[in-house]
Number of protein chains: 4
Amino acid sequence: MPDQTKSPESGLQYLRQLIAEWKQSPMAEALNMRLIAADQGTATFEAFPSAQFYNPQRRMHGGYVATLLDSALGCAVQTVLPADEGYGTVELKVNFVRKLTAETGRILCKATVLHAGSRMQTAEGKVMDEAGKLYAHGSGTFLVYRP
Amino acid sequence: MPDQTKSPESGLQYLRQLIAEWKQSPMAEALNMRLIAADQGTATFEAFPSAQFYNPQRRMHGGYVATLLDSALGCAVQTVLPADEGYGTVELKVNFVRKLTAETGRILCKATVLHAGSRMQTAEGKVMDEAGKLYAHGSGTFLVYRP
Amino acid sequence: MPDQTKSPESGLQYLRQLIAEWKQSPMAEALNMRLIAADQGTATFEAFPSAQFYNPQRRMHGGYVATLLDSALGCAVQTVLPADEGYGTVELKVNFVRKLTAETGRILCKATVLHAGSRMQTAEGKVMDEAGKLYAHGSGTFLVYRP
Amino acid sequence: MPDQTKSPESGLQYLRQLIAEWKQSPMAEALNMRLIAADQGTATFEAFPSAQFYNPQRRMHGGYVATLLDSALGCAVQTVLPADEGYGTVELKVNFVRKLTAETGRILCKATVLHAGSRMQTAEGKVMDEAGKLYAHGSGTFLVYRP
């Protein structure tokens with residue numbers, strides 16, 4: 001992947017500015033999630049599970065975890081795009097492997113780009129607690145939109 | 001699938017009671033979604049997309065759509081379980097096929113059970129607007145927990 | 001979807017010619033599968049499970065079922081493309097819901113296009129025996145290549 | 001994960017014996033694939049793409065790649081099971097990121113267990129050529145069957 005960190009027009013620079021300014025998307029704000037780190041091909045979100053986002057079984061809703069993964073995967077993809085190229089999630093798959101509740105505490109989702117093509121990108125991510133225990137993992141496909 | 005509609009102990013009866021009482025899970029409440037219909041092997045949610053749940057690209061966050069699908073798939077699965085059996089999403093896959101914004105208006109997600117095994121269930125669902133236009137579709141795998 | 005059945009240049013016409021001439025792809029030939037029907041937005045394959053394609057657990061390999069689904073999904077997509085447009089599978093997901101062996105006999109896989117966009121298509125399919133019992137289901141995403 | 005390498009009854013020992021004896025499943029044999037390495041939580045297959053397994057677009061069929069991934073994921077899961085516990089693929093998802101042909105030469109698929117639960121396991125895998133170039137990646141869910 002080309003080094004885009006020096007270009008003032010890179011997606012990575014844009015994301016780092018968001019982090020510096022504590023700006024989030026409306027959905028991340030609504031679900032108490034935040035992009036905390038971005039590098040070439042990777043992005044990390046933190047989230048604070050709470051009963052406010054429980055499913056009927058009194059644990060974190062699968063959609064909460066899916067939101068966290070989609071957010072991290074999308075930002076990872078953005079780090080390797082020029083700032084003027086858009087992208088959209090085409091497909092997202094999540095595996096839920098452990099019960100997640102408010103008691104879990106702060107969780108992290110780190111996503112990594114696996115394929116950075118000119119038309120399509122793929123990325124994968126893992127949701128872990130602070131001790132490194134895995135709660136969910138997933139992957140997604142993204143289409144790139146040229147200006 | 002057995003007719004569980006007459007048993008006072010069925011998951012279907014439980015869901016219909018929730019509908020009658022306008023009760024939702026915390027997550028559905030938070031994202032403005034609601035179970036509106038349940039039958040043997042199917043469940044339907046409605047949702048009202050709004051800018052409050054936008055992603056950084058100013059359209060509905062993929063996680064919003066994933067939440068809607070996971071909710072509908074899970075309730076579809078519950079309609080064919082006895083009331084005392086639990087279930088959990090093991091895996092969810094979503095395809096996003098059309099841009100969804102606040103202008104789309106009310107959307108519906110109807111889910112259908114495809115396989116109702118004793119250990120595992122699968123279901124699929126579609127997200128459409130009121131004109132029947134498709135915005136997303138997906139499928140999921142669920143594990144059944146015996147008491 | 002536009003009616004392409006009358007154009008001599010349609011993917012559907014091309015597939016129907018293959019059916020008439022009993023021509024298959026090398027992989028379909030190798031695994032004893034065959035396209036048997038194609039219509040606007042749908043395609044059906046038949047397959048004849050045999051011990052030759054067993055996995056170490058002495059049932060049909062998941063890859064056999066995945067091949068059947070990918071074949072049917074791809075042909076369904078092709079039915080709605082002009083003959084000069086290519087396509088490729090970007091992503092495939094399969095749910096295996098029932099044990100499949102040589103004793104199952106002839107199986108059918110019918111696939112249906114769910115979204116026919118200019119850049120991307122999605123399709124879903126089901127694998128059933130002759131009695132209509134479900135063995136697997138899946139969905140896929142396809143990119144369209146213009147000449 | 002417990003160290004099962006010393007037990008004569010472990011899935012890992014069983015797989016290593018297969019490797020030593022050059023034994024493969026019928027499907028692996030049919031598609032010219034072979035398990036070449038197994039360790040705690042990982043398994044590696046090699047495969048030799050050839051025109052015999054092409055799709056109608058004259059490249060390796062998606063089902064070929066799916067077979068390779070399902071094989072490697074399944075063996076990775078088996079390495080962390082006692083020899084008397086069975087398993088089955090519940091769900092498999094594959095991303096195809098690069099065109100694969102007979103010219104690609106020998107490819108490798110390394111799979112890694114991500115979650116080893118008592119009822120369910122998940123694993124991920126990558127398909128690369130000898131230079132480490134990525135052609136596909138995927139993940140799967142497996143149910144564990146106690147004797």
# chains A, B, ... in the order shown; residues from 1 in each chain; ligands from 1
>>> closest_atom_pairs(of="stretch 24-119 of chain C", to="stretch 94-106 of chain B", cutoff="12 Å", atoms="only C-alpha atoms", output="tab-separated table")
residue	atom	partner	partner_atom	distance
C:Val90	CA	B:Asn95	CA	11.9
C:Glu91	CA	B:Asn95	CA	10.2
C:Leu92	CA	B:Asn95	CA	10.9
C:Lys93	CA	B:Val94	CA	10.3
C:Val113	CA	B:Val97	CA	11.9
C:Leu114	CA	B:Val97	CA	9.0
C:His115	CA	B:Val97	CA	6.7
C:Ala116	CA	B:Val97	CA	9.0
C:Gly117	CA	B:Val97	CA	8.1
C:Ser118	CA	B:Val97	CA	11.3
C:Arg119	CA	B:Val97	CA	10.6
>>> interface_residues(of="chain A", to="chain B", cutoff="10 Å", atoms="only C-alpha atoms", output="PyMOL selection string")
chain A and resi 24-31+51-71+74-75+86-99+136-141
>>> residues_around(residues="C:Ile107", least_positions_apart="3", cutoff="10 Å", atoms="only C-alpha atoms", output="JSON, numbers by chain")
{"C": [33, 45, 46, 47, 48, 49, 68, 100, 104, 127, 128, 129, 130, 131, 132, 133, 134, 135]}
>>> calpha_fit_rmsd(fixed="chain B", moving="chain C")
0.0 Å
>>> atom_distance(atom1="atom CA of B:Pro147", atom2="atom CA of B:Glu85")
6.0 Å
>>> atom_distance(atom1="atom CA of C:Met120", atom2="atom CA of C:Arg146")
11.4 Å
>>> select_by_dssp(residues="stretch 16-107 of chain D", states="strand (DSSP E)", output="list in words")
Met33, Arg34, Leu35, Ile36, Ala37, Ala38, Asp39, Thr42, Ala43, Thr44, Phe45, Glu46, Ala47, Gly86, Tyr87, Gly88, Thr89, Val90, Glu91, Leu92, Lys93, Val94, Asn95, Phe96 and Ile107 of chain D
>>> atom_distance(atom1="atom CA of D:Thr122", atom2="atom CA of D:Cys109")
16.0 Å
>>> select_by_dssp(residues="stretch 6-142 of chain C", states="helix (DSSP H, G or I)", output="PyMOL selection string")
chain C and resi 11-20+26-30+51-53+62-78+102-104
>>> residues_around(residues="B:Lys110", least_positions_apart="6", cutoff="6 Å", atoms="only C-alpha atoms", output="list in words")
Ala43, Thr44, Gly125 and Lys126 of chain B
>>> decode(residues="stretch 123-135 of chain D", atoms="N, CA and C atoms", output="PDB file, in the first residue's frame")
ATOM      1  N   ALA D 123     -13.211 -20.417  13.134  1.00  0.00           N
ATOM      2  CA  ALA D 123     -11.844 -20.367  12.608  1.00  0.00           C
ATOM      3  C   ALA D 123     -11.815 -19.459  11.387  1.00  0.00           C
ATOM      4  N   GLU D 124     -10.642 -18.969  11.064  1.00  0.00           N
ATOM      5  CA  GLU D 124     -10.469 -18.143   9.868  1.00  0.00           C
ATOM      6  C   GLU D 124      -9.286 -18.675   9.074  1.00  0.00           C
ATOM      7  N   GLY D 125      -9.252 -18.343   7.786  1.00  0.00           N
ATOM      8  CA  GLY D 125      -8.156 -18.824   6.973  1.00  0.00           C
ATOM      9  C   GLY D 125      -7.854 -17.904   5.811  1.00  0.00           C
ATOM     10  N   LYS D 126      -6.656 -18.041   5.288  1.00  0.00           N
ATOM     11  CA  LYS D 126      -6.229 -17.225   4.147  1.00  0.00           C
ATOM     12  C   LYS D 126      -5.628 -18.113   3.072  1.00  0.00           C
ATOM     13  N   VAL D 127      -5.913 -17.788   1.809  1.00  0.00           N
ATOM     14  CA  VAL D 127      -5.363 -18.515   0.671  1.00  0.00           C
ATOM     15  C   VAL D 127      -4.330 -17.628  -0.016  1.00  0.00           C
ATOM     16  N   MET D 128      -3.099 -18.085  -0.042  1.00  0.00           N
ATOM     17  CA  MET D 128      -2.007 -17.285  -0.605  1.00  0.00           C
ATOM     18  C   MET D 128      -1.175 -18.106  -1.585  1.00  0.00           C
ATOM     19  N   ASP D 129      -0.480 -17.410  -2.469  1.00  0.00           N
ATOM     20  CA  ASP D 129       0.470 -18.117  -3.326  1.00  0.00           C
ATOM     21  C   ASP D 129       1.823 -18.194  -2.596  1.00  0.00           C
ATOM     22  N   GLU D 130       2.806 -18.748  -3.248  1.00  0.00           N
ATOM     23  CA  GLU D 130       4.086 -18.974  -2.565  1.00  0.00           C
ATOM     24  C   GLU D 130       4.805 -17.665  -2.224  1.00  0.00           C
ATOM     25  N   ALA D 131       4.429 -16.587  -2.914  1.00  0.00           N
ATOM     26  CA  ALA D 131       5.040 -15.295  -2.607  1.00  0.00           C
ATOM     27  C   ALA D 131       4.290 -14.569  -1.494  1.00  0.00           C
ATOM     28  N   GLY D 132       3.225 -15.182  -0.982  1.00  0.00           N
ATOM     29  CA  GLY D 132       2.479 -14.555   0.101  1.00  0.00           C
ATOM     30  C   GLY D 132       1.369 -13.630  -0.364  1.00  0.00           C
ATOM     31  N   LYS D 133       1.080 -13.629  -1.672  1.00  0.00           N
ATOM     32  CA  LYS D 133       0.006 -12.789  -2.204  1.00  0.00           C
ATOM     33  C   LYS D 133      -1.352 -13.416  -1.838  1.00  0.00           C
ATOM     34  N   LEU D 134      -2.274 -12.581  -1.384  1.00  0.00           N
ATOM     35  CA  LEU D 134      -3.571 -13.071  -0.910  1.00  0.00           C
ATOM     36  C   LEU D 134      -4.576 -13.237  -2.066  1.00  0.00           C
ATOM     37  N   TYR D 135      -5.209 -14.400  -2.158  1.00  0.00           N
ATOM     38  CA  TYR D 135      -6.208 -14.675  -3.189  1.00  0.00           C
ATOM     39  C   TYR D 135      -7.621 -14.781  -2.626  1.00  0.00           C
TER      40      TYR D 135
END
